[in-house]
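What's in model32.txt: compact mmCIF, C-alpha atoms
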```
# COMPACT_ATOMS: atom_id res chain seq x y z
CA MET A 69 21.84 35.60 -26.59
CA THR A 70 19.11 36.49 -29.07
CA LEU A 71 17.77 33.46 -30.91
CA PRO A 72 17.10 33.68 -34.65
CA SER A 73 13.60 34.60 -35.74
CA ASP A 74 13.41 31.40 -37.81
CA LEU A 75 12.38 29.65 -34.58
CA ASP A 76 8.95 30.12 -33.10
CA ALA A 77 8.23 29.88 -29.38
CA VAL A 78 7.29 26.20 -29.59
CA ASP A 79 10.55 25.37 -31.39
CA ARG A 80 12.51 27.22 -28.75
CA ARG A 81 10.65 25.60 -25.90
CA PHE A 82 11.47 22.08 -27.00
CA LEU A 83 14.93 22.78 -28.37
CA ALA A 84 15.75 24.08 -24.90
CA ARG A 85 14.83 20.66 -23.54
CA ALA A 86 17.49 19.11 -25.78
CA THR A 87 20.18 20.96 -23.82
CA VAL A 88 19.63 18.57 -20.89
CA ALA A 89 20.29 15.56 -23.14
CA PRO A 90 23.86 15.98 -24.44
CA GLY A 91 24.28 14.57 -27.92
CA ALA A 92 20.53 14.37 -28.58
CA ALA A 93 19.85 14.15 -32.31
CA ILE A 94 17.64 16.72 -34.05
CA LEU A 95 16.82 16.26 -37.73
CA ALA A 96 15.44 18.89 -40.10
CA ALA A 97 13.79 17.88 -43.36
CA GLY A 98 11.63 19.51 -45.99
CA GLU A 99 11.45 22.98 -47.47
CA ASP A 100 13.26 25.09 -44.88
CA ALA A 101 15.53 22.42 -43.46
CA SER A 102 18.91 24.16 -43.77
CA GLN A 103 17.65 27.53 -42.56
CA TRP A 104 15.78 26.03 -39.61
CA ALA A 105 18.74 23.81 -38.68
CA ALA A 106 21.12 26.78 -38.59
CA ALA A 107 18.83 28.54 -36.14
CA ALA A 108 18.25 25.37 -34.11
CA ARG A 109 21.98 24.84 -33.58
CA LEU A 110 22.13 28.08 -31.64
CA ALA A 111 19.18 27.09 -29.46
CA ALA A 112 19.91 23.45 -28.74
CA GLY A 113 23.22 23.61 -26.92
CA SER A 114 25.24 20.43 -27.33
CA ALA A 115 22.52 18.63 -29.30
CA ARG A 116 23.35 17.40 -32.80
CA VAL A 117 21.34 19.13 -35.51
CA GLU A 118 21.45 17.39 -38.88
CA VAL A 119 19.86 18.26 -42.23
CA VAL A 120 18.12 15.74 -44.46
CA ALA A 121 19.14 17.13 -47.84
CA PRO A 122 17.04 16.80 -51.02
CA GLY A 123 17.48 13.30 -52.38
CA GLN A 124 18.38 11.90 -48.96
CA THR A 125 16.19 9.89 -46.63
CA ILE A 126 16.09 10.12 -42.87
CA ALA A 127 17.53 6.60 -42.80
CA ASP A 128 20.48 7.79 -44.93
CA VAL A 129 21.33 10.54 -42.45
CA MET A 130 20.91 8.27 -39.45
CA SER A 131 23.22 5.68 -40.98
CA GLU A 132 25.85 8.23 -42.00
CA ARG A 133 25.79 9.96 -38.58
CA ALA A 134 25.38 6.79 -36.46
CA ILE A 135 22.07 8.01 -35.04
CA ARG A 136 19.62 5.47 -33.64
CA HIS A 137 17.29 7.78 -31.70
CA ILE A 138 15.80 11.13 -32.72
CA PHE A 139 14.95 13.69 -30.08
CA MET A 140 13.19 16.06 -32.50
CA LEU A 141 12.18 15.68 -36.14
CA HIS A 142 11.22 18.90 -37.95
CA HIS A 143 9.52 18.80 -41.35
CA ARG A 144 7.90 21.55 -43.40
CA GLY A 145 6.22 20.99 -46.72
CA PRO A 146 3.60 18.85 -48.47
CA ASN A 147 2.88 15.19 -47.84
CA PRO A 148 4.23 14.69 -44.31
CA LEU A 149 2.81 11.17 -44.38
CA ALA A 150 5.29 10.13 -47.07
CA MET A 151 8.10 11.39 -44.84
CA LEU A 152 6.68 9.61 -41.78
CA ALA A 153 6.30 6.39 -43.77
CA THR A 154 10.11 6.24 -43.89
CA VAL A 155 10.31 6.19 -40.07
CA THR A 156 7.39 3.89 -39.27
CA GLN A 157 9.50 1.48 -37.22
CA MET A 158 11.04 4.33 -35.24
CA LEU A 159 7.57 5.60 -34.38
CA THR A 160 6.46 2.07 -33.47
CA HIS A 161 9.36 1.63 -31.07
CA SER A 162 9.06 5.17 -29.61
CA ARG A 163 12.44 6.14 -31.06
CA ILE A 164 11.34 9.67 -32.00
CA ASP A 165 10.60 11.83 -28.98
CA LEU A 166 8.74 14.62 -30.73
CA LEU A 167 7.89 15.86 -34.22
CA THR A 168 6.91 19.20 -35.70
CA VAL A 169 5.25 19.19 -39.13
CA GLY A 170 3.53 21.88 -41.10
CA ASP A 171 2.72 23.69 -44.32
CA PHE A 172 0.80 20.76 -45.80
CA ASP A 173 -2.76 20.21 -47.04
CA VAL A 174 -4.54 20.03 -43.68
CA GLY A 175 -7.87 18.99 -45.16
CA GLU A 176 -6.36 15.98 -46.91
CA ASP A 177 -3.46 14.98 -44.66
CA LEU A 178 -4.66 15.77 -41.15
CA PRO A 179 -7.11 12.84 -40.71
CA PRO A 180 -4.52 10.13 -41.52
CA LEU A 181 -1.91 12.05 -39.49
CA ILE A 182 -4.18 11.95 -36.43
CA GLU A 183 -4.77 8.24 -36.96
CA LEU A 184 -1.07 7.49 -37.38
CA MET A 185 -0.03 9.46 -34.29
CA ALA A 186 -2.71 7.89 -32.11
CA ALA A 187 -1.79 4.38 -33.26
CA ARG A 188 1.86 5.02 -32.33
CA ARG A 189 0.86 6.58 -28.97
CA TYR A 190 1.76 10.20 -29.77
CA GLN A 191 -0.29 13.18 -28.58
CA LEU A 192 -0.90 15.61 -31.44
CA PHE A 193 -1.17 19.38 -30.90
CA GLY A 194 -1.91 22.30 -33.17
CA ILE A 195 0.55 25.20 -32.91
CA GLU A 196 -1.11 28.61 -32.70
CA ALA A 197 -0.45 31.08 -35.48
CA ASP A 198 1.98 33.16 -33.43
CA GLY A 199 3.85 30.02 -32.40
CA ALA A 200 3.33 30.84 -28.74
CA GLY A 201 0.95 28.09 -27.68
CA ILE A 202 -0.40 24.63 -28.48
CA GLU A 203 -3.81 22.99 -28.39
CA PRO A 204 -4.58 19.24 -28.29
CA ILE A 205 -5.89 17.72 -31.51
CA PHE A 206 -8.15 14.66 -31.31
CA THR A 207 -10.33 15.00 -34.41
CA PRO A 208 -9.79 16.65 -37.81
CA ALA A 209 -12.30 19.34 -36.86
CA ASP A 210 -10.07 20.30 -33.92
CA GLY A 211 -7.17 21.05 -36.23
CA LEU A 212 -8.49 22.52 -39.45
CA HIS A 213 -7.50 26.08 -38.52
CA PHE A 214 -3.86 25.14 -37.76
CA HIS A 215 -0.98 24.97 -40.21
CA GLN A 216 1.74 23.70 -37.87
CA PHE A 217 1.53 20.66 -35.63
CA LEU A 218 3.48 19.07 -32.80
CA ALA A 219 3.43 15.40 -31.77
CA VAL A 220 4.85 14.26 -28.41
CA GLN A 221 5.60 10.62 -27.61
CA GLU A 222 3.40 9.26 -24.83
CA ARG A 223 6.28 8.06 -22.65
CA LEU A 224 7.87 11.53 -22.49
CA PHE A 225 4.73 13.61 -22.20
CA ASP A 226 5.28 14.72 -18.61
CA LEU A 227 9.03 15.26 -18.97
CA LEU A 228 8.70 17.33 -22.14
CA MET A 229 5.55 19.22 -21.15
CA PHE A 230 7.00 20.28 -17.79
CA ASN A 231 4.37 18.31 -15.87
CA THR A 232 4.97 16.45 -12.63
CA PRO A 233 6.31 13.06 -13.80
CA ARG A 234 4.02 10.11 -13.15
CA SER A 235 4.69 6.39 -13.04
CA LEU A 236 2.64 3.75 -14.81
CA ASP A 237 -0.71 3.34 -13.08
CA VAL A 238 -0.66 -0.46 -13.06
CA ALA A 239 -4.02 -0.79 -11.33
CA GLU A 240 -5.72 1.42 -13.91
CA LEU A 241 -4.03 -0.37 -16.81
CA LEU A 242 -5.06 -3.78 -15.51
CA GLN A 243 -8.63 -2.56 -15.22
CA THR A 244 -8.60 -0.87 -18.63
CA HIS A 245 -7.33 -4.03 -20.30
CA ARG A 246 -9.67 -6.29 -18.31
CA VAL A 247 -6.98 -8.30 -16.56
CA SER A 248 -8.29 -10.11 -13.48
CA VAL A 249 -5.20 -10.82 -11.41
CA ARG A 250 -4.80 -14.44 -10.22
CA GLY A 251 -1.27 -13.87 -8.94
CA LEU A 252 1.69 -11.54 -9.49
CA VAL A 253 5.41 -12.21 -9.73
CA HIS A 254 7.79 -9.27 -9.26
CA VAL A 255 11.38 -9.86 -10.38
CA GLY A 256 13.89 -7.41 -8.91
CA ALA A 257 11.62 -6.59 -5.99
CA HIS A 258 14.27 -4.83 -3.87
CA GLU A 259 12.53 -4.22 -0.50
CA GLY A 260 9.01 -4.72 -1.80
CA GLU A 261 8.14 -1.05 -2.11
CA GLU A 262 5.35 -1.80 -4.58
CA LEU A 263 3.46 -4.20 -2.30
CA PRO A 264 0.98 -1.57 -1.00
CA ALA A 265 0.05 -0.70 -4.60
CA TYR A 266 -0.44 -4.38 -5.42
CA ARG A 267 -2.63 -4.87 -2.38
CA ARG A 268 -4.85 -2.00 -3.51
CA ILE A 269 -5.52 -4.01 -6.67
CA GLY A 270 -6.67 -7.10 -4.78
CA ASP A 271 -5.81 -10.03 -2.53
CA PHE A 272 -3.91 -12.56 -4.62
CA PRO A 273 -0.68 -14.57 -4.27
CA ILE A 274 2.48 -12.53 -4.75
CA ALA A 275 6.07 -13.68 -5.25
CA LEU A 276 8.83 -11.11 -4.70
CA ILE A 277 12.16 -12.17 -6.20
CA GLU A 278 15.42 -10.44 -5.26
CA ALA A 279 18.97 -11.37 -6.35
CA HIS A 280 21.22 -9.64 -3.80
CA PRO A 281 21.52 -11.77 -0.63
CA GLY A 282 21.59 -8.83 1.80
CA VAL A 283 18.70 -7.05 0.12
CA HIS A 284 16.74 -10.30 0.03
CA ASP A 285 17.30 -10.75 3.77
CA ARG A 286 15.82 -7.29 4.36
CA LEU A 287 12.95 -8.07 1.99
CA ALA A 288 12.18 -11.34 3.78
CA ALA A 289 12.15 -9.59 7.15
CA ILE A 290 9.82 -6.87 5.88
CA MET A 291 7.44 -9.46 4.41
CA ALA A 292 7.54 -11.88 7.36
CA ASP A 293 4.05 -10.98 8.57
CA GLN A 294 2.47 -10.52 5.14
CA VAL A 295 -0.18 -13.05 4.19
CA ASN A 296 -0.07 -14.64 0.73
CA VAL A 297 3.36 -13.17 -0.04
CA MET A 298 6.49 -15.24 -0.63
CA THR A 299 10.06 -14.09 -1.24
CA VAL A 300 12.66 -15.83 -3.39
CA HIS A 301 16.42 -15.31 -3.36
CA ALA A 302 17.50 -15.66 -7.00
CA ALA A 303 18.72 -13.78 -10.05
CA ILE A 304 16.25 -14.44 -12.85
CA SER A 305 18.11 -15.18 -16.07
CA ASP A 306 18.05 -17.31 -19.20
CA ARG A 307 19.67 -20.32 -17.54
CA GLU A 308 19.77 -22.24 -14.30
CA GLY A 309 22.88 -22.18 -12.12
CA PRO A 310 25.09 -19.71 -10.25
CA VAL A 311 25.53 -16.26 -11.83
CA THR A 312 27.62 -13.21 -10.98
CA LEU A 313 25.70 -10.19 -9.73
CA ARG A 314 27.41 -6.83 -10.10
CA VAL A 315 26.78 -4.82 -6.96
CA ASN A 316 26.23 -1.07 -7.20
CA ILE A 317 26.65 1.52 -4.45
CA ASN A 318 22.92 2.09 -5.00
CA ASP A 319 21.58 -1.40 -4.45
CA GLU A 320 18.53 -0.68 -6.61
CA CYS A 321 20.95 -0.67 -9.58
CA ASN A 322 22.55 -4.11 -9.06
CA SER A 323 22.65 -5.99 -12.36
CA LEU A 324 23.90 -9.10 -14.13
CA LEU A 325 25.38 -6.69 -16.72
CA PRO A 326 28.25 -4.20 -16.40
CA ILE A 327 27.15 -0.61 -16.00
CA GLY A 328 27.13 1.39 -19.24
CA THR A 329 25.94 4.91 -20.05
CA LEU A 330 24.05 5.02 -16.75
CA SER A 331 27.33 5.98 -15.09
CA ARG A 332 27.44 9.10 -17.27
CA LEU A 333 23.84 10.02 -16.57
CA LEU A 334 24.14 9.28 -12.86
CA PRO A 335 27.81 9.54 -11.83
CA THR A 336 27.00 8.31 -8.33
CA MET A 337 26.03 4.90 -9.77
CA VAL A 338 29.27 2.96 -9.27
CA GLU A 339 29.92 -0.78 -9.21
CA CYS A 340 31.62 -1.68 -5.95
CA ALA A 341 31.68 -5.49 -5.80
CA THR A 342 30.50 -8.76 -7.32
CA VAL A 343 28.75 -11.65 -5.64
CA GLU A 344 27.80 -15.12 -6.84
CA VAL A 345 24.06 -15.76 -6.46
CA PRO A 346 21.62 -18.50 -7.45
CA GLY A 347 20.48 -18.13 -11.04
CA ARG A 348 16.99 -19.33 -11.92
CA THR A 349 14.71 -19.19 -14.92
CA LEU A 350 11.06 -18.31 -14.56
CA ASP A 351 10.24 -21.54 -16.36
CA GLY A 352 12.15 -23.45 -13.69
CA LEU A 353 10.61 -21.55 -10.79
CA PHE A 354 7.08 -22.03 -12.07
CA ALA A 355 7.74 -25.75 -12.57
CA ASP A 356 8.85 -25.99 -8.92
CA TRP A 357 5.81 -24.05 -7.71
CA ARG A 358 3.48 -26.19 -9.75
CA ALA A 359 5.04 -29.38 -8.43
CA ALA A 360 4.60 -28.08 -4.88
CA GLY A 361 0.98 -27.12 -5.52
CA ALA A 362 1.69 -23.47 -4.72
CA ALA A 363 -1.04 -20.98 -5.62
CA ILE A 364 1.54 -18.60 -7.12
CA ALA A 365 1.98 -21.12 -9.95
CA ASN A 366 -1.23 -19.66 -11.43
CA ALA A 367 0.12 -16.09 -11.54
CA ASN A 368 -0.87 -14.18 -14.67
CA VAL A 369 0.92 -10.83 -14.13
CA LEU A 370 4.70 -10.39 -14.34
CA VAL A 371 6.65 -7.32 -13.25
CA SER A 372 10.38 -7.14 -13.98
CA ASP A 373 12.85 -4.39 -13.06
CA ILE A 374 16.30 -5.96 -13.29
CA GLN A 375 18.50 -3.25 -14.74
CA GLY A 376 18.96 -4.19 -18.37
CA ALA A 377 18.61 -7.97 -18.00
CA GLU A 378 14.90 -8.09 -18.91
CA LEU A 379 15.44 -9.95 -22.18
CA MET A 380 17.53 -12.57 -20.39
CA ALA A 381 14.64 -13.14 -18.00
CA LEU A 382 12.18 -13.39 -20.88
CA GLU A 383 14.39 -15.89 -22.71
CA GLY A 384 14.14 -18.09 -19.63
CA ALA A 385 10.35 -17.76 -19.53
CA ARG A 386 9.38 -19.01 -22.99
CA SER A 387 7.27 -21.87 -21.62
CA ILE A 388 5.44 -19.87 -18.99
CA LEU A 389 4.85 -16.62 -20.95
CA PRO A 390 1.59 -17.86 -22.52
CA GLN A 391 0.16 -17.98 -18.98
CA PHE A 392 0.57 -14.21 -18.48
CA ASP A 393 -2.06 -11.64 -19.41
CA ALA A 394 0.09 -8.60 -18.58
CA VAL A 395 3.84 -8.02 -18.34
CA ILE A 396 5.36 -4.81 -16.95
CA LEU A 397 9.02 -4.26 -17.88
CA GLU A 398 11.71 -1.61 -17.77
CA VAL A 399 12.87 -0.89 -21.33
CA SER A 400 16.06 0.88 -22.40
CA PHE A 401 16.64 3.46 -25.13
CA ASP A 402 20.42 3.54 -24.67
CA ASP A 403 23.19 1.19 -23.48
CA LEU A 404 22.49 1.93 -19.82
CA TYR A 405 24.09 -1.41 -19.03
CA ALA A 406 26.67 -2.88 -21.38
CA GLY A 407 24.97 -5.22 -23.82
CA CYS A 408 21.48 -4.58 -22.47
CA ALA A 409 18.53 -5.21 -24.77
CA GLN A 410 17.03 -2.14 -26.40
CA VAL A 411 13.35 -1.32 -26.66
CA GLU A 412 13.18 -2.83 -30.17
CA ASP A 413 14.54 -6.14 -28.88
CA ILE A 414 11.94 -6.29 -26.11
CA ASP A 415 9.10 -5.19 -28.41
CA GLN A 416 9.97 -7.80 -31.00
CA PHE A 417 10.35 -10.61 -28.46
CA MET A 418 7.06 -9.72 -26.81
CA SER A 419 5.29 -9.43 -30.17
CA ARG A 420 6.41 -12.93 -31.11
CA ALA A 421 5.10 -14.11 -27.74
CA GLY A 422 1.70 -12.55 -28.46
CA PHE A 423 1.93 -9.24 -26.55
CA SER A 424 1.61 -5.58 -27.54
CA ARG A 425 3.08 -2.59 -25.71
CA VAL A 426 0.09 -0.43 -24.84
CA ALA A 427 1.51 2.10 -22.36
CA THR A 428 4.96 3.52 -21.69
CA VAL A 429 6.19 6.16 -19.23
CA SER A 430 9.62 7.73 -18.66
CA THR A 431 9.37 9.00 -15.11
CA TYR A 432 12.97 10.09 -14.56
CA HIS A 433 14.91 10.22 -17.83
CA ARG A 434 14.32 9.80 -21.56
CA ASP A 435 16.74 6.86 -21.82
CA TRP A 436 14.60 4.40 -19.87
CA SER A 437 10.90 3.73 -19.41
CA ASP A 438 8.44 1.43 -17.73
CA ALA A 439 6.29 -0.38 -20.28
CA PHE A 440 3.01 -2.28 -19.99
CA TYR A 441 2.57 -5.19 -22.40
CA ARG A 442 -0.89 -6.70 -22.82
CA ARG A 443 -1.60 -10.12 -24.23
CA ASP A 444 -3.23 -9.75 -27.64
CA ARG A 445 -6.82 -10.93 -27.64
```
Entire entry expressed as structure tokens:
Amino acid sequence: MTLPSDLDAVDRRFLARATVAPGAAILAAGEDASQWAAAARLAAGSARVEVVAPGQTIADVMSERAIRHIFMLHHRGPNPLAMLATVTQMLTHSRIDLLTVGDFDVGEDLPPLIELMAARRYQLFGIEADGAGIEPIFTPADGLHFHQFLAVQERLFDLLMFNTPRSLDVAELLQTHRVSVRGLVHVGAHEGEELPAYRRIGDFPIALIEAHPGVHDRLAAIMADQVNVMTVHAAISDREGPVTLRVNINDECNSLLPIGTLSRLLPTMVECATVEVPGRTLDGLFADWRAAGAAIANANVLVSDIQGAELMALEGARSILPQFDAVILEVSFDDLYAGCAQVEDIDQFMSRAGFSRVATVSTYHRDWSDAFYRRDR
């Protein structure tokens, strides 16, 4: 199939990525919106391409079309900052994967555009005149000779730029944000695969918490000869007392919540059983550790990977959260588990608790990420 000439090579490159995300939303606004959208529909497979008509706002279209996440936002014409001002919260919560903007007053609008993109953790690129290549933009001087620009959300940089996906470099982030680790608690530890990485950071008390009884037994056996490491059999939640754990064929995907869209993304992820397990809050656990004089009671780093139940764990940690300097969480951009908190819910809870999200990476799929929250100083 020959694609319309209205699309340049950069458009085509990223529209092709939308074909691996069925139903991804692409919005076209500005001077050539209808023409560009018609061409994009041919290039983007099953993605939804919508036009923001004159007199409409992006919010209007999102409300009318029940869109809550934008894969690609295309805008041509003057004053892109006015357009972006209408989606500030979406940029803040990483709800727009990439943007293309152009045909504006570069001398006037590029400096604030660079500042806005950097503050929202987007990498800005200038698109070459023939539309065939891109070049990173860090200062206004870098971009004065470009007329079209691309911004890619930090968390999706590797996935969208065809790089080898990387995970969060926790050690580097702790160093960058000057966190001296006194102790680390990992909720949803599975078999303790991350322990070697933690030990490269330093020698400090570690608590590995796992909900599934069989997996915890394996974890305890693996950690039996490890010094300064304890294991806990519990499901961390917002209340104390027995809870029902939903068991998945892949035991890394066990959750307190029913499986949601994850079953569509990964059809092999199937619930196969339920089991009643001890439910604990982090507030309760830390109170017990403190009463016992355990060194782990002074932990200041929290890692949580509990398949959509992160907000439940945080709700049960309101008293102890002020003790943490860094919190690493899995955040969701879709209903991967039924009723799971979305990235906005986690961001807002953490902001109220005095934390900012300073790094985010989607290693495997755009619908979930690992996020590093730093205590505001």
request  = Calculate how many Å separate atom CA of Gln410 of chain A from atom CA of Ile327 of chain A, rounding to one decimal.
outcome  =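 That distance, rounded to one decimal, is 14.6 Å.
Between atom CA of Ala127 of chain A and atom CA of Ala106 of chain A lies a distance of 20.9 Å.
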Quick one: which segment 348-396 of chain A residues come within 6 Å of segment 251-272 of chain A, and what is the nearest atom pair for each with the distance in Å to one decimal, counting only C-alpha atoms, rows ordered by chain and ascending number, as JSON lines?
```
{"residue": "A:Ile364", "atom": "CA", "partner": "A:Gly251", "partner_atom": "CA", "distance": 5.8}
{"residue": "A:Ala367", "atom": "CA", "partner": "A:Gly251", "partner_atom": "CA", "distance": 3.7}
{"residue": "A:Asn368", "atom": "CA", "partner": "A:Gly251", "partner_atom": "CA", "distance": 5.8}
{"residue": "A:Val369", "atom": "CA", "partner": "A:Leu252", "partner_atom": "CA", "distance": 4.8}
{"residue": "A:Leu370", "atom": "CA", "partner": "A:Val253", "partner_atom": "CA", "distance": 5.0}
{"residue": "A:Val371", "atom": "CA", "partner": "A:His254", "partner_atom": "CA", "distance": 4.6}
{"residue": "A:Ser372", "atom": "CA", "partner": "A:Val255", "partner_atom": "CA", "distance": 4.6}
{"residue": "A:Asp373", "atom": "CA", "partner": "A:Gly256", "partner_atom": "CA", "distance": 5.2}
{"residue": "A:Ile374", "atom": "CA", "partner": "A:Gly256", "partner_atom": "CA", "distance": 5.2}
```
Please produce an output containing C-alpha atoms for each residue in the selection, written as a JSON list (two decimals), keeping the file's coordinate frame.
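Heads up, here's the output in out_1.json:
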```
[["chain", "number", "residue", "atom", "x", "y", "z"],
["A", 364, "ILE", "CA", 1.54, -18.60, -7.12],
["A", 367, "ALA", "CA", 0.12, -16.09, -11.54],
["A", 368, "ASN", "CA", -0.87, -14.18, -14.67],
["A", 369, "VAL", "CA", 0.92, -10.83, -14.13],
["A", 370, "LEU", "CA", 4.70, -10.39, -14.34],
["A", 371, "VAL", "CA", 6.65, -7.32, -13.25],
["A", 372, "SER", "CA", 10.38, -7.14, -13.98],
["A", 373, "ASP", "CA", 12.85, -4.39, -13.06],
["A", 374, "ILE", "CA", 16.30, -5.96, -13.29]]
```
inquiry  = Would you compute the distance between atom CA of Asn147 of chain A and atom CA of Val169 of chain A? Give it in Å to one decimal.
reply    = 9.9 Å
inquiry  = For a cutoff of 8 Å around the file-coordinate point (10.9, -0.6, -30.3), which residues qualify once you count only C-alpha atoms? I'd like the result as an MDAnalysis selection string.
reply    = chainID A and resid 157:158 160:163 410:416
How would the residues just chosen look if you wrote them out with C-alpha atoms as a PDB file, keeping the file's coordinate frame?
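Final output, again-v4.pdb:
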```pdb
ATOM      1  CA  GLN A 157       9.500   1.480 -37.220  1.00  0.00           C
ATOM      2  CA  MET A 158      11.040   4.330 -35.240  1.00  0.00           C
ATOM      3  CA  THR A 160       6.460   2.070 -33.470  1.00  0.00           C
ATOM      4  CA  HIS A 161       9.360   1.630 -31.070  1.00  0.00           C
ATOM      5  CA  SER A 162       9.060   5.170 -29.610  1.00  0.00           C
ATOM      6  CA  ARG A 163      12.440   6.140 -31.060  1.00  0.00           C
ATOM      7  CA  GLN A 410      17.030  -2.140 -26.400  1.00  0.00           C
ATOM      8  CA  VAL A 411      13.350  -1.320 -26.660  1.00  0.00           C
ATOM      9  CA  GLU A 412      13.180  -2.830 -30.170  1.00  0.00           C
ATOM     10  CA  ASP A 413      14.540  -6.140 -28.880  1.00  0.00           C
ATOM     11  CA  ILE A 414      11.940  -6.290 -26.110  1.00  0.00           C
ATOM     12  CA  ASP A 415       9.100  -5.190 -28.410  1.00  0.00           C
ATOM     13  CA  GLN A 416       9.970  -7.800 -31.000  1.00  0.00           C
TER      14      GLN A 416
END
```
Neighbours of point (17.3, -17.3, -18.3) within 9 Å, using all atoms listed in the file, written as a PDB file with C-alpha atoms, keeping the file's coordinate frame:
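And here's selection-v3.pdb as it stands now:
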```pdb
ATOM      1  CA  ILE A 304      16.250 -14.440 -12.850  1.00  0.00           C
ATOM      2  CA  SER A 305      18.110 -15.180 -16.070  1.00  0.00           C
ATOM      3  CA  ASP A 306      18.050 -17.310 -19.200  1.00  0.00           C
ATOM      4  CA  ARG A 307      19.670 -20.320 -17.540  1.00  0.00           C
ATOM      5  CA  GLU A 308      19.770 -22.240 -14.300  1.00  0.00           C
ATOM      6  CA  GLY A 347      20.480 -18.130 -11.040  1.00  0.00           C
ATOM      7  CA  ARG A 348      16.990 -19.330 -11.920  1.00  0.00           C
ATOM      8  CA  THR A 349      14.710 -19.190 -14.920  1.00  0.00           C
ATOM      9  CA  LEU A 350      11.060 -18.310 -14.560  1.00  0.00           C
ATOM     10  CA  ASP A 351      10.240 -21.540 -16.360  1.00  0.00           C
ATOM     11  CA  LEU A 379      15.440  -9.950 -22.180  1.00  0.00           C
ATOM     12  CA  MET A 380      17.530 -12.570 -20.390  1.00  0.00           C
ATOM     13  CA  ALA A 381      14.640 -13.140 -18.000  1.00  0.00           C
ATOM     14  CA  LEU A 382      12.180 -13.390 -20.880  1.00  0.00           C
ATOM     15  CA  GLU A 383      14.390 -15.890 -22.710  1.00  0.00           C
ATOM     16  CA  GLY A 384      14.140 -18.090 -19.630  1.00  0.00           C
ATOM     17  CA  ALA A 385      10.350 -17.760 -19.530  1.00  0.00           C
TER      18      ALA A 385
END
```
key: Residue with smallest distance to Ile94 of chain A - pool A:Val249, A:Ala112, A:Ile277, A:Ala187, counting all atoms listed in the file   =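 Among the listed residues, A:Ala112 lies closest to Ile94 of chain A.
Comparing A:Ile202, A:Leu110, A:Ala115, A:Ala362 by their smallest distance to Ala77 of chain A, the closest is A:Ile202 (using only C-alpha atoms).
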ask   = Which is closest to Ile126 of chain A among A:Ala421, A:Leu95, A:Leu228, A:Val174, if we use all atoms listed in the file?
value =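 Once distances to Ile126 of chain A are computed over all atoms listed in the file, the minimum belongs to A:Leu95.
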8 Å contact set for Pro390 of chain A, all atoms listed in the file, chain neighbours under 3 positions out, as a VMD selection string = chain A and resid 386 to 387 393 421 to 422
inquiry  = So that I can see what lies close to Phe214 of chain A, please list as a list in words the residues with an atom at most 12 Å from it, counting all atoms listed in the file and leaving out residues fewer than 6 positions away in the same chain.
reply    = Val169, Gly170, Asp171, Phe172, Asp173, Val174, Gly175, Leu178, Leu192, Phe193, Gly194, Ile195, Glu196, Ala197, Asp198, Gly199, Gly201, Ile202, Glu203, Pro204, Ile205 and Pro208 of chain A
remark   = Using only C-alpha atoms, the best pick from A:Glu344, A:Glu339, A:Glu132, A:Glu99 as closest to Pro310 of chain A would be A:Glu344
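Here the question is which of A:Arg358, A:Arg332, A:Arg434, A:Arg445 gets nearest to Arg85 of chain A using all atoms listed in the file, and that residue is A:Arg434.
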request  = Quick one: everything within 8 Å of Pro326 of chain A, counting all atoms listed in the file, minus sequence neighbours fewer than 6 positions away in the same chain. Send it as number ranges by chain.
outcome  = A: 314, 405-406
inquiry  = Let me make sure I understand: among A:Glu320, A:Leu141, A:Pro346, A:Leu330, which one has the smallest atom-to-atom distance to Val300 of chain A if we use all atoms listed in the file?
reply    =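 Residue with the minimum atom-to-atom distance to Val300 of chain A: A:Pro346.
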Within 7 Å of segment 230-237 of chain A, counting only C-alpha atoms, which residues show up once you throw out same-chain ones fewer than 2 positions away? Write them as a PDB file with C-alpha atoms, in the frame of the given file, please.
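Done, and the output landed in out-v9.pdb:
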```pdb
ATOM      1  CA  ASP A 226       5.280  14.720 -18.610  1.00  0.00           C
ATOM      2  CA  LEU A 227       9.030  15.260 -18.970  1.00  0.00           C
ATOM      3  CA  LEU A 228       8.700  17.330 -22.140  1.00  0.00           C
ATOM      4  CA  ALA A 239      -4.020  -0.790 -11.330  1.00  0.00           C
ATOM      5  CA  GLU A 240      -5.720   1.420 -13.910  1.00  0.00           C
ATOM      6  CA  LEU A 241      -4.030  -0.370 -16.810  1.00  0.00           C
ATOM      7  CA  VAL A 429       6.190   6.160 -19.230  1.00  0.00           C
ATOM      8  CA  THR A 431       9.370   9.000 -15.110  1.00  0.00           C
ATOM      9  CA  ASP A 438       8.440   1.430 -17.730  1.00  0.00           C
TER      10      ASP A 438
END
```
